[in-house]
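First comes the structure, then the notes that go with it.
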Amino acid sequence: MRLVFLGPPGAGKGTQATQQAEQRGLRYIATGDELRKAIAAETPLGREAKAYTTTGRLVPDDVIIALVRELLEQPGSGRGVVFDGFPRTIGQAEALDRLLEERGEALSAVLYFDVSAEAVVQRLAGRRVCRQCGATFHVDSLPSKRGPLCDRCGGELYQRDDDRPDTIANRLRVYNEQTASLLDYYRAQGLLVRVAAERTIDEVRAAVNAAIASAVGGNANGQGPA
Ligand code: AMP
């Protein structure tokens with residue numbers, strides 16, 4: 001099973017994608033997480049990406065496509081993959097089609113997380129991320145039980161630089177200008193399934209399970225096809 005979770009930043013894709021990956025035993029590939037790791041480790045990729053991510057601009061397609069190619073070549077992608085935050089441009093979507101085709105694979109479904117701009121701003125401004133394991137929380141809707149520390153690993157929670165108000169506006173503009181056109185791209189391929197994502201995390205999880213079941217079979221409780 002190969003799924004793309006598509007939607008504006010702050011739509012809840014990461015929360016749902018990590019849950020689905022765990023539940024279904026799929027590999028979770030989030031280009032944003034990979035870039036943040038590279039930036040923290042000051043690798044050549046991190047040095048190149050930093051100026052883009054801190055201002056909310058997209059990292060160039062060739063850099064991102066090379067990164068995804070490398071990730072797919074690592075072991076562990078065989079059972080399936082959930083892509084979060086990739087692709088973000090038509091060029092990346094076409095490259096993904098080619099990368100999968102080379103492997104004799106194809107996308108199973110693209111889940112579009114539909115939320116209003118107001119909800120996105122509220123979610124991003126309250127988001128907190130674990131410095132150690134990358135788990136995400138929200139100060140109101142999903143607080144960590146351990147306050148400033150991560151529930152899962154005890155790591156320190158922080159606010160991403162690009163979750164500050166001025167950068168949020170830029171990221172939403174970039175999404176509308178460069179990523180929203182992917183909806184038509186995947187609709188034309190018959191892969192797009194809309195998820196009404198302006199609800200609680202549990203409600204959205206149920207909608208995601210139902211969307212996957214409708215696209216690839218299996219039941220709406222997250223169990224895959226027999
Ligand atoms: P995210 O964690 O998905 O919100 O990504 C954080 C930032 O990383 C974005 O604002 C971009 O600057 C960069 N980024 C992540 N994924 C991509 C991608 N597929 N294409 C271009 N830039 C990306």
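Residue numbering restarts at 1 for every chain of the structure tokens, chains are lettered A, B, ... in their displayed order, and ligands are numbered from 1 as they appear.
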For the interface of chain A with ligand 1 (cut-off 7 Å, counting only C-alpha atoms and all ligand atoms), please tabulate each contacting residue of chain A alongside its nearest pair of atoms and their separation in Å to one decimal, rows sorted by chain and increasing number, as CSV.
```
residue,atom,partner,partner_atom_place_in_ligand_line,distance
A:Pro9,CA,ligand 1,4 (O),5.4
A:Ala30,CA,ligand 1,3 (O),6.6
A:Thr31,CA,ligand 1,16 (N),4.4
A:Gly32,CA,ligand 1,2 (O),3.6
A:Asp33,CA,ligand 1,2 (O),5.7
A:Leu35,CA,ligand 1,8 (O),6.2
A:Tyr52,CA,ligand 1,12 (O),5.0
A:Thr53,CA,ligand 1,12 (O),3.4
A:Thr54,CA,ligand 1,12 (O),6.9
A:Gly56,CA,ligand 1,10 (O),4.3
A:Arg57,CA,ligand 1,12 (O),4.7
A:Leu58,CA,ligand 1,22 (N),3.7
A:Val59,CA,ligand 1,22 (N),3.9
A:Pro60,CA,ligand 1,21 (C),6.1
A:Asp61,CA,ligand 1,20 (N),6.3
A:Ile64,CA,ligand 1,20 (N),5.8
A:Asp84,CA,ligand 1,3 (O),6.7
A:Gly85,CA,ligand 1,3 (O),4.2
A:Phe86,CA,ligand 1,19 (N),4.0
A:Pro87,CA,ligand 1,19 (N),4.9
A:Arg88,CA,ligand 1,19 (N),4.8
A:Arg171,CA,ligand 1,10 (O),6.1
```
TODO: Report as an MDAnalysis selection string: the residues of chain A with a DSSP assignment of strand (DSSP E or B), based on the backbone of this structure.
DONE: chainID A and resid 2:6 27:30 81:84 109:114 127:130 136:138 142 146 149 156:158 192:196
Contact check, region 156-222 of chain A to region 109-113 of chain A, at most 12 Å, counting only C-alpha atoms, closest pairs as a Markdown table:
```
| residue | atom | partner | partner_atom | distance |
| --- | --- | --- | --- | --- |
| A:Thr179 | CA | A:Tyr112 | CA | 11.5 |
| A:Ala180 | CA | A:Tyr112 | CA | 10.0 |
| A:Ser181 | CA | A:Tyr112 | CA | 11.9 |
| A:Leu182 | CA | A:Tyr112 | CA | 9.8 |
| A:Leu183 | CA | A:Tyr112 | CA | 7.6 |
| A:Asp184 | CA | A:Tyr112 | CA | 11.1 |
| A:Tyr185 | CA | A:Val110 | CA | 10.5 |
| A:Tyr186 | CA | A:Val110 | CA | 7.1 |
| A:Arg187 | CA | A:Val110 | CA | 8.9 |
| A:Ala188 | CA | A:Val110 | CA | 11.6 |
| A:Gln189 | CA | A:Ala109 | CA | 9.8 |
| A:Gly190 | CA | A:Ala109 | CA | 8.5 |
| A:Leu191 | CA | A:Ala109 | CA | 4.9 |
| A:Leu192 | CA | A:Val110 | CA | 4.9 |
| A:Val193 | CA | A:Leu111 | CA | 5.0 |
| A:Arg194 | CA | A:Tyr112 | CA | 4.8 |
| A:Val195 | CA | A:Phe113 | CA | 5.1 |
| A:Ala196 | CA | A:Phe113 | CA | 6.3 |
| A:Ala197 | CA | A:Phe113 | CA | 5.4 |
| A:Glu198 | CA | A:Phe113 | CA | 8.6 |
| A:Arg199 | CA | A:Phe113 | CA | 10.9 |
| A:Val204 | CA | A:Phe113 | CA | 9.2 |
| A:Arg205 | CA | A:Phe113 | CA | 11.3 |
| A:Ala207 | CA | A:Leu111 | CA | 10.2 |
| A:Val208 | CA | A:Leu111 | CA | 7.7 |
| A:Asn209 | CA | A:Leu111 | CA | 10.5 |
| A:Ala210 | CA | A:Leu111 | CA | 10.9 |
| A:Ala211 | CA | A:Leu111 | CA | 7.4 |
| A:Ile212 | CA | A:Ala109 | CA | 7.2 |
| A:Ala213 | CA | A:Ala109 | CA | 10.1 |
| A:Ser214 | CA | A:Ala109 | CA | 9.6 |
| A:Ala215 | CA | A:Ala109 | CA | 6.2 |
| A:Val216 | CA | A:Ala109 | CA | 7.4 |
| A:Gly217 | CA | A:Ala109 | CA | 11.0 |
```
Open item on the list: Taking only region 12-215 of chain A into account, list the residues labelled helix (DSSP H, G or I) by DSSP (computed from the backbone), as number ranges by chain.
Closed with: A: 13-24, 31-40, 44-55, 61-73, 90-102, 117-126, 161-163, 165-179, 182-188, 201-215
TODO: Measure the distance from CA of Leu107 (chain A) to CA of Arg79 (chain A) in Å and round it to one decimal.
DONE: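 CA of Arg79 (chain A) lies at a distance of 12.7 Å from CA of Leu107 (chain A).
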